[in-house]
$ cat input_11.txt   # compact mmCIF, C-alpha atoms
# COMPACT_ATOMS: atom_id res chain seq x y z
CA MET A 14 -46.68 -29.19 -6.85
CA LYS A 15 -43.50 -27.24 -6.21
CA LYS A 16 -41.69 -30.54 -5.82
CA LEU A 17 -42.65 -31.25 -9.44
CA LEU A 18 -40.95 -28.00 -10.47
CA VAL A 19 -37.81 -29.23 -8.72
CA ALA A 20 -38.16 -32.50 -10.64
CA GLY A 21 -38.05 -30.57 -13.93
CA MET A 22 -41.66 -29.92 -14.92
CA GLN A 23 -42.15 -26.46 -16.45
CA LYS A 24 -45.90 -25.74 -16.53
CA ILE A 25 -48.27 -27.57 -14.19
CA TYR A 26 -51.81 -27.12 -12.90
CA GLN A 27 -54.49 -28.86 -10.88
CA LEU A 28 -58.22 -28.33 -10.34
CA ALA A 29 -59.06 -29.87 -6.99
CA HIS A 30 -61.32 -29.83 -3.95
CA VAL A 31 -59.81 -28.17 -0.89
CA TRP A 32 -61.01 -27.72 2.68
CA ARG A 33 -60.70 -25.01 5.31
CA ASN A 34 -62.18 -25.89 8.64
CA GLY A 35 -64.65 -23.45 10.15
CA GLU A 36 -65.26 -21.20 7.12
CA ASN A 37 -68.91 -20.74 6.22
CA ALA A 38 -70.24 -17.42 4.93
CA ALA A 39 -71.58 -15.82 1.76
CA ARG A 40 -68.13 -15.95 0.14
CA HIS A 41 -66.65 -18.85 2.10
CA SER A 42 -67.34 -22.57 2.19
CA PRO A 43 -65.42 -25.20 4.18
CA GLU A 44 -65.22 -27.23 0.95
CA PHE A 45 -64.55 -25.52 -2.37
CA THR A 46 -62.74 -25.91 -5.70
CA MET A 47 -59.38 -24.33 -6.43
CA LEU A 48 -57.51 -23.93 -9.71
CA GLU A 49 -53.77 -23.82 -9.03
CA TRP A 50 -50.96 -23.46 -11.53
CA TYR A 51 -47.19 -22.86 -11.62
CA ARG A 52 -44.77 -21.67 -14.26
CA ALA A 53 -41.04 -22.35 -14.10
CA GLY A 54 -38.90 -19.49 -15.38
CA ALA A 55 -41.74 -17.00 -14.91
CA ASP A 56 -42.41 -14.11 -12.55
CA TYR A 57 -45.65 -12.99 -10.95
CA THR A 58 -46.38 -10.43 -13.66
CA GLN A 59 -46.83 -13.28 -16.16
CA LEU A 60 -49.49 -14.76 -13.89
CA ARG A 61 -51.41 -11.50 -14.18
CA ASP A 62 -51.49 -12.09 -17.93
CA ASP A 63 -52.69 -15.67 -17.34
CA CYS A 64 -55.59 -14.39 -15.21
CA THR A 65 -56.55 -11.82 -17.81
CA HIS A 66 -56.56 -14.37 -20.65
CA LEU A 67 -58.49 -16.95 -18.58
CA VAL A 68 -61.26 -14.58 -17.48
CA ARG A 69 -61.61 -13.06 -20.95
CA ALA A 70 -61.79 -16.52 -22.53
CA ILE A 71 -64.66 -17.44 -20.19
CA ALA A 72 -66.43 -14.14 -20.92
CA THR A 73 -66.04 -14.64 -24.68
CA THR A 74 -67.49 -18.15 -24.43
CA LEU A 75 -70.44 -16.82 -22.44
CA GLY A 76 -70.89 -13.87 -24.78
CA THR A 77 -70.49 -11.17 -22.13
CA GLN A 78 -68.35 -8.05 -21.86
CA ASN A 79 -68.91 -7.32 -18.17
CA ILE A 80 -69.52 -8.85 -14.79
CA LEU A 81 -72.46 -7.15 -13.10
CA SER A 82 -73.06 -6.43 -9.43
CA GLY A 83 -76.36 -4.64 -9.05
CA ASP A 84 -76.27 -1.86 -11.62
CA GLN A 85 -72.45 -1.61 -11.68
CA ALA A 86 -70.46 -3.26 -14.47
CA CYS A 87 -66.89 -4.53 -14.18
CA ASP A 88 -65.43 -4.28 -17.69
CA LEU A 89 -63.35 -7.39 -18.44
CA PHE A 90 -61.96 -6.19 -21.77
CA GLY A 91 -60.67 -2.75 -20.81
CA ASP A 92 -57.41 -2.08 -19.00
CA TRP A 93 -57.16 -4.01 -15.73
CA GLU A 94 -55.96 -2.00 -12.74
CA VAL A 95 -52.62 -2.73 -11.05
CA LEU A 96 -52.56 -1.16 -7.59
CA THR A 97 -49.91 -1.71 -4.92
CA VAL A 98 -50.84 -2.26 -1.28
CA PRO A 99 -49.12 0.99 -0.21
CA GLU A 100 -51.02 2.89 -2.93
CA ALA A 101 -54.33 1.32 -1.87
CA PHE A 102 -53.82 2.21 1.79
CA GLN A 103 -53.00 5.80 0.87
CA ARG A 104 -55.88 6.16 -1.60
CA TYR A 105 -58.71 4.54 0.34
CA ALA A 106 -57.63 4.81 3.99
CA GLY A 107 -55.35 7.84 4.02
CA ILE A 108 -52.60 5.77 5.68
CA ASP A 109 -48.90 5.53 4.82
CA VAL A 110 -48.70 1.83 5.65
CA MET A 111 -44.95 1.53 4.96
CA ALA A 112 -44.22 4.21 7.56
CA THR A 113 -45.78 1.92 10.20
CA ILE A 114 -43.34 -0.96 9.56
CA ASP A 115 -40.46 -0.69 12.01
CA ASP A 116 -39.28 -4.29 11.45
CA ARG A 117 -39.96 -5.93 8.11
CA HIS A 118 -40.26 -9.39 9.71
CA HIS A 119 -42.15 -8.49 12.92
CA PRO A 120 -43.66 -4.99 12.77
CA SER A 121 -44.98 -3.67 16.06
CA PRO A 122 -48.61 -2.49 16.04
CA GLN A 123 -48.39 0.93 17.70
CA ALA A 124 -47.91 3.12 14.62
CA LEU A 125 -50.52 1.34 12.52
CA ALA A 126 -52.97 1.37 15.45
CA ALA A 127 -52.58 5.12 15.80
CA ALA A 128 -53.09 5.63 12.06
CA ALA A 129 -56.19 3.42 12.10
CA ARG A 130 -57.73 5.22 15.08
CA ALA A 131 -57.16 8.54 13.31
CA GLN A 132 -59.39 7.18 10.52
CA ASN A 133 -62.06 6.04 13.02
CA ILE A 134 -61.19 2.36 12.56
CA ARG A 135 -61.73 0.21 15.63
CA VAL A 136 -58.55 -1.15 17.22
CA ALA A 137 -58.35 -3.43 20.26
CA ASP A 138 -55.57 -3.06 22.79
CA ASP A 139 -54.27 -6.57 22.05
CA ASP A 140 -54.40 -6.34 18.23
CA ASP A 141 -51.17 -7.17 16.45
CA TRP A 142 -50.01 -5.41 13.26
CA ASP A 143 -51.59 -8.00 10.94
CA SER A 144 -54.99 -7.82 12.67
CA ILE A 145 -55.10 -4.06 12.22
CA PHE A 146 -53.94 -4.38 8.60
CA PHE A 147 -56.76 -6.78 7.74
CA ARG A 148 -59.40 -4.66 9.50
CA ILE A 149 -58.34 -1.66 7.40
CA MET A 150 -58.40 -3.86 4.31
CA PHE A 151 -61.92 -5.15 4.99
CA ASP A 152 -63.40 -1.83 6.11
CA LYS A 153 -61.72 0.70 3.84
CA ILE A 154 -60.04 -0.94 0.85
CA GLU A 155 -61.59 -4.20 -0.40
CA PRO A 156 -65.05 -2.69 -1.08
CA HIS A 157 -63.46 -0.41 -3.71
CA LEU A 158 -61.39 -3.03 -5.56
CA GLY A 159 -62.39 -4.39 -8.95
CA ARG A 160 -65.49 -2.25 -9.39
CA ARG A 161 -65.19 -0.74 -12.88
CA HIS A 162 -62.49 -3.17 -14.01
CA PRO A 163 -60.63 -6.05 -12.33
CA THR A 164 -57.90 -5.01 -9.89
CA PHE A 165 -54.58 -6.69 -9.18
CA LEU A 166 -53.59 -5.69 -5.63
CA THR A 167 -49.82 -6.20 -5.61
CA ASP A 168 -46.69 -5.94 -3.46
CA TYR A 169 -47.65 -6.95 0.08
CA PRO A 170 -45.43 -6.38 3.12
CA VAL A 171 -42.91 -9.21 2.99
CA HIS A 172 -43.90 -10.80 6.30
CA MET A 173 -47.43 -11.28 4.89
CA ALA A 174 -46.22 -13.48 2.04
CA ALA A 175 -44.47 -16.47 3.60
CA LEU A 176 -43.96 -18.25 0.26
CA ALA A 177 -43.05 -15.23 -1.90
CA ARG A 178 -39.66 -13.77 -2.72
CA PRO A 179 -38.87 -10.16 -1.76
CA LYS A 180 -39.01 -7.50 -4.46
CA PRO A 181 -35.50 -6.76 -5.77
CA ASP A 182 -35.98 -2.98 -5.49
CA ASP A 183 -37.58 -2.98 -2.01
CA ASP A 184 -37.09 -5.95 0.31
CA ARG A 185 -39.83 -4.68 2.63
CA LEU A 186 -42.33 -5.84 -0.02
CA ALA A 187 -42.98 -9.24 -1.56
CA GLU A 188 -43.81 -10.38 -5.09
CA ARG A 189 -47.42 -11.19 -4.29
CA PHE A 190 -50.74 -10.13 -5.80
CA GLU A 191 -54.41 -10.82 -5.27
CA LEU A 192 -57.04 -10.43 -7.98
CA TYR A 193 -60.30 -8.65 -7.12
CA MET A 194 -63.60 -8.20 -8.92
CA HIS A 195 -66.49 -6.33 -7.29
CA GLY A 196 -64.67 -6.40 -3.96
CA ILE A 197 -64.28 -10.19 -4.03
CA GLU A 198 -60.80 -11.70 -3.82
CA LEU A 199 -60.46 -14.36 -6.51
CA ALA A 200 -56.81 -15.37 -6.65
CA ASN A 201 -53.58 -15.22 -4.67
CA ALA A 202 -50.23 -15.35 -6.51
CA PHE A 203 -46.53 -15.34 -5.67
CA GLY A 204 -43.16 -15.01 -7.24
CA GLU A 205 -41.97 -18.15 -5.47
CA LEU A 206 -39.32 -18.00 -2.78
CA THR A 207 -36.43 -20.39 -3.55
CA ASP A 208 -34.03 -19.44 -0.73
CA VAL A 209 -34.28 -22.48 1.56
CA ALA A 210 -32.88 -20.80 4.67
CA GLU A 211 -35.28 -17.87 4.38
CA GLN A 212 -38.17 -20.23 3.59
CA GLU A 213 -37.49 -22.33 6.67
CA ARG A 214 -37.28 -19.21 8.84
CA ARG A 215 -40.61 -17.92 7.51
CA LEU A 216 -42.40 -21.25 7.93
CA LYS A 217 -41.26 -21.54 11.53
CA ALA A 218 -42.29 -17.94 12.22
CA ASP A 219 -45.70 -18.66 10.69
CA GLN A 220 -46.11 -21.71 12.91
CA ALA A 221 -45.16 -19.72 15.99
CA THR A 222 -47.88 -17.20 15.11
CA LYS A 223 -50.47 -19.98 14.69
CA GLN A 224 -49.49 -21.44 18.04
CA ARG A 225 -49.87 -18.05 19.70
CA LEU A 226 -53.23 -17.28 18.07
CA TYR A 227 -54.90 -20.69 17.93
CA GLY A 228 -53.01 -22.85 20.41
CA GLN A 229 -52.12 -25.42 17.77
CA THR A 230 -49.82 -25.88 14.81
CA TYR A 231 -48.67 -28.48 12.28
CA PRO A 232 -45.23 -29.78 11.29
CA VAL A 233 -43.12 -27.88 8.79
CA ASP A 234 -42.94 -29.78 5.48
CA ASP A 235 -39.38 -31.08 5.60
CA ASP A 236 -39.78 -32.78 2.19
CA PHE A 237 -40.54 -29.39 0.67
CA LEU A 238 -37.48 -27.83 2.28
CA GLN A 239 -35.35 -30.72 1.07
CA ALA A 240 -36.65 -30.16 -2.46
CA LEU A 241 -35.64 -26.49 -2.19
CA ARG A 242 -32.17 -27.58 -1.08
CA HIS A 243 -31.97 -29.70 -4.22
CA GLY A 244 -32.85 -26.60 -6.24
CA MET A 245 -36.11 -25.08 -7.49
CA PRO A 246 -35.95 -22.88 -10.59
CA PRO A 247 -37.23 -19.30 -10.50
CA SER A 248 -40.99 -19.80 -10.64
CA ALA A 249 -44.36 -18.21 -10.06
CA GLY A 250 -47.53 -19.83 -8.75
CA ILE A 251 -51.16 -18.94 -8.20
CA ALA A 252 -54.34 -20.33 -6.65
CA LEU A 253 -57.71 -19.15 -7.99
CA GLY A 254 -61.08 -19.78 -6.33
CA PHE A 255 -63.13 -21.50 -9.02
CA ASP A 256 -66.43 -21.20 -7.13
CA ARG A 257 -66.01 -17.47 -6.53
CA LEU A 258 -65.35 -16.97 -10.23
CA ALA A 259 -68.54 -18.91 -10.98
CA MET A 260 -70.38 -16.69 -8.46
CA LEU A 261 -69.38 -13.58 -10.35
CA PHE A 262 -70.28 -14.87 -13.79
CA CYS A 263 -73.62 -16.22 -12.49
CA GLY A 264 -74.47 -12.92 -10.82
CA THR A 265 -75.02 -14.39 -7.34
CA ASP A 266 -73.66 -13.05 -4.06
CA ASN A 267 -73.68 -16.39 -2.20
CA ILE A 268 -71.18 -19.16 -2.86
CA GLN A 269 -73.71 -21.82 -1.82
CA ASN A 270 -75.69 -21.04 -4.99
CA VAL A 271 -72.90 -22.35 -7.25
CA LEU A 272 -71.81 -25.41 -5.24
CA TRP A 273 -72.92 -28.81 -6.51
CA ALA A 274 -73.42 -29.98 -2.92
CA PRO A 275 -73.69 -27.03 -0.51
CA VAL A 276 -72.22 -27.76 2.91
CA ALA A 277 -74.69 -27.66 5.79
CA ILE A 278 -73.13 -26.45 9.03
CA ASN A 279 -74.55 -27.49 12.38
CA GLN A 280 -74.90 -24.23 14.28
CA GLN A 281 -75.62 -25.89 17.66
$ encode --input "input_11.txt" --output "structure tokens"
Amino acid sequence: MKKLLVAGMQKIYQLAHVWRNGENAARHSPEFTMLEWYRAGADYTQLRDDCTHLVRAIATTLGTQNILSGDQACDLFGDWEVLTVPEAFQRYAGIDVMATIDDRHHPSPQALAAAARAQNIRVADDDDWDSIFFRIMFDKIEPHLGRRHPTFLTDYPVHMAALARPKPDDDRLAERFELYMHGIELANAFGELTDVAEQERRLKADQATKQRLYGQTYPVDDDFLQALRHGMPPSAGIALGFDRLAMLFCGTDNIQNVLWAPVAINQQ
């Protein structure tokens, strides 16, 4: 879709089936539906407005003010929370996550491991920085997000946003947000990176990490890099999990309950 931005299209979207091998849990399916859209000439803050308008339009059509989880209501028409990753780590885990980043491209794990252990979070000797980050997220932070009102979790460490541009006022952070309701991540958005040299470096670094972790990788999209060389306008893009949004509005905690054809996984 980004190639279409290079070709001159300004506002584009698609609603499509996507696949992720091996994912099957209450909030994950190996086949699911994703709504993806891009805006040329926009930044990631405008995508927050898009999300707000979309969710409120659905709620208005359904005649509801809130999304319920048990006896707790997430108010869709009040002020939505905007919380940065550093703020979330400090508030819910008592960790100054930025102080643990010694290299903005390849942070070493020692400082974050020590901070996690001080909060009684399990850390393995071979965990890298990202593994520790996600364990803190899952254990300490995500359960609190989007409870009384939806939460935009913004401004991730730049190495965790391979397709996002750095923030102008702090290049350790990226223009990225995720939208949460009742602890469920619904959408992932970026202020799109248009620097081709930096994009190529990040893609190759990402592939090296996949090779190290999983023993396999896939080719870098040279057509995409060539499109960036031609010139992509300042843009912002987002992917939203349609089935998870349906889960929330239907009041179910299992994604299989909203899929037209649930995927059966052979456990043998």
$ residues_around --input "input_11.txt" --residues "segment 155-157 of chain A" --least-positions-apart "4" --cutoff "7 Å" --atoms "all atoms listed in the file" --output "MDAnalysis selection string"
chainID A and resid 150:151 196
$ atom_distance --input "input_11.txt" --atom1 "atom CA of Leu75 of chain A" --atom2 "atom CA of Thr58 of chain A"
26.4 Å
$ atom_distance --input "input_11.txt" --atom1 "atom CA of Leu192 of chain A" --atom2 "atom CA of Phe165 of chain A"
4.6 Å
$ closest_residue --input "input_11.txt" --among "A:Ser82, A:Thr74, A:Gln220, A:Gln212" --to "His195 of chain A" --atoms "all atoms listed in the file"
A:Ser82
$ closest_residue --input "input_11.txt" --among "A:Phe255, A:Phe203, A:Tyr105, A:Phe147" --to "Gln132 of chain A" --atoms "all atoms listed in the file"
A:Tyr105
$ closest_residue --input "input_11.txt" --among "A:Met22, A:Met14, A:Leu253, A:Met245" --to "Thr46 of chain A" --atoms "all atoms listed in the file"
A:Leu253
$ residues_around --input "input_11.txt" --residues "Gly54 of chain A" --least-positions-apart "2" --cutoff "12 Å" --atoms "all atoms listed in the file" --output "PyMOL selection string"
chain A and resi 18-19+21-24+51-52+56-60+204-205+245-250
$ atom_distance --input "input_11.txt" --atom1 "atom CA of Ile149 of chain A" --atom2 "atom CA of Asn270 of chain A"
28.8 Å
$ closest_residue --input "input_11.txt" --among "A:Ala137, A:Ala129, A:Ala177, A:Ala187" --to "Val98 of chain A" --atoms "all atoms listed in the file"
A:Ala187
$ residues_around --input "input_11.txt" --residues "Ala274 of chain A" --least-positions-apart "3" --cutoff "10 Å" --atoms "only C-alpha atoms" --output "PyMOL selection string"
chain A and resi 44-45+269-271+277
$ closest_residue --input "input_11.txt" --among "A:Cys263, A:Leu28, A:Ala240, A:Met173" --to "Leu81 of chain A" --atoms "only C-alpha atoms"
A:Cys263
$ closest_residue --input "input_11.txt" --among "A:Asp63, A:Asp116, A:Asp208, A:Asp235" --to "Glu49 of chain A" --atoms "only C-alpha atoms"
A:Asp63
$ residues_around --input "input_11.txt" --residues "Ala38 of chain A" --least-positions-apart "2" --cutoff "9 Å" --atoms "only C-alpha atoms" --output "mmCIF file with C-alpha atoms, in the frame of the given file"
data_model
loop_
_atom_site.group_PDB
_atom_site.id
_atom_site.type_symbol
_atom_site.label_atom_id
_atom_site.label_comp_id
_atom_site.auth_asym_id
_atom_site.auth_seq_id
_atom_site.Cartn_x
_atom_site.Cartn_y
_atom_site.Cartn_z
ATOM 1 C CA GLU A 36 -65.260 -21.200 7.120
ATOM 2 C CA ARG A 40 -68.130 -15.950 0.140
ATOM 3 C CA HIS A 41 -66.650 -18.850 2.100
ATOM 4 C CA SER A 42 -67.340 -22.570 2.190
ATOM 5 C CA ASN A 267 -73.680 -16.390 -2.200
ATOM 6 C CA ILE A 268 -71.180 -19.160 -2.860
ATOM 7 C CA GLN A 269 -73.710 -21.820 -1.820
#
$ decode --input "input_11.txt" --residues "segment 122-234 of chain A" --atoms "C-alpha atoms" --output "compact mmCIF listing (two decimals), in the first residue's frame"
# COMPACT_ATOMS: atom_id res chain seq x y z
CA PRO A 122 19.76 -6.13 28.51
CA GLN A 123 21.67 -5.77 31.77
CA ALA A 124 20.10 -2.57 33.10
CA LEU A 125 16.54 -3.52 32.18
CA ALA A 126 17.06 -7.03 33.61
CA ALA A 127 18.18 -5.55 36.93
CA ALA A 128 15.20 -3.20 37.01
CA ALA A 129 12.81 -6.06 36.22
CA ARG A 130 14.26 -8.33 38.91
CA ALA A 131 13.88 -5.50 41.43
CA GLN A 132 10.15 -5.59 40.64
CA ASN A 133 10.01 -9.40 41.03
CA ILE A 134 9.66 -9.96 37.28
CA ARG A 135 11.19 -13.18 36.02
CA VAL A 136 14.25 -12.74 33.78
CA ALA A 137 16.23 -15.51 32.10
CA ASP A 138 19.98 -15.28 31.73
CA ASP A 139 19.74 -15.32 27.93
CA ASP A 140 16.90 -12.77 27.61
CA ASP A 141 17.61 -9.85 25.32
CA TRP A 142 16.33 -6.31 25.97
CA ASP A 143 13.17 -6.77 23.89
CA SER A 144 12.20 -10.02 25.63
CA ILE A 145 12.41 -8.34 29.02
CA PHE A 146 10.49 -5.31 27.73
CA PHE A 147 7.60 -7.46 26.52
CA ARG A 148 7.47 -9.50 29.74
CA ILE A 149 7.13 -6.27 31.73
CA MET A 150 4.48 -5.09 29.28
CA PHE A 151 2.43 -8.30 29.58
CA ASP A 152 2.80 -8.70 33.35
CA LYS A 153 2.67 -5.14 34.64
CA ILE A 154 1.34 -2.71 32.04
CA GLU A 155 -1.13 -4.13 29.50
CA PRO A 156 -3.68 -5.30 32.10
CA HIS A 157 -4.18 -1.65 33.15
CA LEU A 158 -4.58 -0.12 29.69
CA GLY A 159 -7.94 0.98 28.32
CA ARG A 160 -9.98 0.12 31.40
CA ARG A 161 -12.08 3.22 32.12
CA HIS A 162 -11.51 4.75 28.69
CA PRO A 163 -9.51 3.70 25.60
CA THR A 164 -5.74 4.23 25.86
CA PHE A 165 -3.30 5.22 23.15
CA LEU A 166 0.11 3.87 24.21
CA THR A 167 2.55 6.07 22.28
CA ASP A 168 6.24 6.74 21.63
CA TYR A 169 8.02 3.38 21.63
CA PRO A 170 11.81 2.99 21.74
CA VAL A 171 12.93 3.59 18.17
CA HIS A 172 14.43 0.14 17.63
CA MET A 173 10.98 -1.36 18.35
CA ALA A 174 9.35 0.46 15.44
CA ALA A 175 11.16 -0.63 12.28
CA LEU A 176 8.78 1.24 9.96
CA ALA A 177 8.29 4.43 12.01
CA ARG A 178 10.17 7.71 11.89
CA PRO A 179 11.98 8.96 15.00
CA LYS A 180 10.35 11.70 17.05
CA PRO A 181 11.85 15.10 16.16
CA ASP A 182 12.33 16.07 19.82
CA ASP A 183 13.82 12.73 20.98
CA ASP A 184 15.36 10.35 18.45
CA ARG A 185 15.44 7.55 21.03
CA LEU A 186 11.66 7.27 20.55
CA ALA A 187 9.55 6.57 17.47
CA GLU A 188 6.24 7.94 16.22
CA ARG A 189 4.30 4.79 17.02
CA PHE A 190 1.16 4.10 19.04
CA GLU A 191 -0.99 1.13 19.93
CA LEU A 192 -4.66 1.40 20.89
CA TYR A 193 -5.90 -0.56 23.92
CA MET A 194 -9.34 -1.30 25.34
CA HIS A 195 -9.77 -3.50 28.42
CA GLY A 196 -6.14 -4.58 28.16
CA ILE A 197 -6.54 -5.75 24.55
CA GLU A 198 -4.32 -4.26 21.85
CA LEU A 199 -6.49 -3.28 18.89
CA ALA A 200 -4.34 -1.24 16.52
CA ASN A 201 -0.72 -0.44 15.71
CA ALA A 202 0.14 2.86 14.00
CA PHE A 203 3.21 4.68 12.69
CA GLY A 204 4.35 8.00 11.43
CA GLU A 205 5.92 6.36 8.39
CA LEU A 206 9.67 6.32 7.90
CA THR A 207 10.64 7.75 4.49
CA ASP A 208 14.45 7.77 4.84
CA VAL A 209 15.46 4.92 2.53
CA ALA A 210 18.94 4.39 4.00
CA GLU A 211 17.60 4.18 7.54
CA GLN A 212 14.72 1.95 6.41
CA GLU A 213 17.09 -0.48 4.71
CA ARG A 214 19.32 -0.58 7.79
CA ARG A 215 16.34 -1.32 10.06
CA LEU A 216 14.92 -4.03 7.80
CA LYS A 217 18.26 -5.81 7.65
CA ALA A 218 18.66 -5.53 11.42
CA ASP A 219 15.17 -6.97 11.87
CA GLN A 220 16.02 -9.89 9.59
CA ALA A 221 19.23 -10.56 11.51
CA THR A 222 17.19 -10.74 14.72
CA LYS A 223 14.71 -13.19 13.15
CA GLN A 224 17.57 -15.36 11.95
CA ARG A 225 19.08 -15.40 15.43
CA LEU A 226 15.79 -16.16 17.20
CA TYR A 227 14.03 -18.45 14.73
CA GLY A 228 16.74 -19.72 12.41
CA GLN A 229 14.98 -18.40 9.32
CA THR A 230 14.27 -15.14 7.55
CA TYR A 231 12.77 -13.72 4.35
CA PRO A 232 14.11 -11.38 1.68
CA VAL A 233 14.00 -7.63 2.20
CA ASP A 234 11.40 -6.04 -0.11
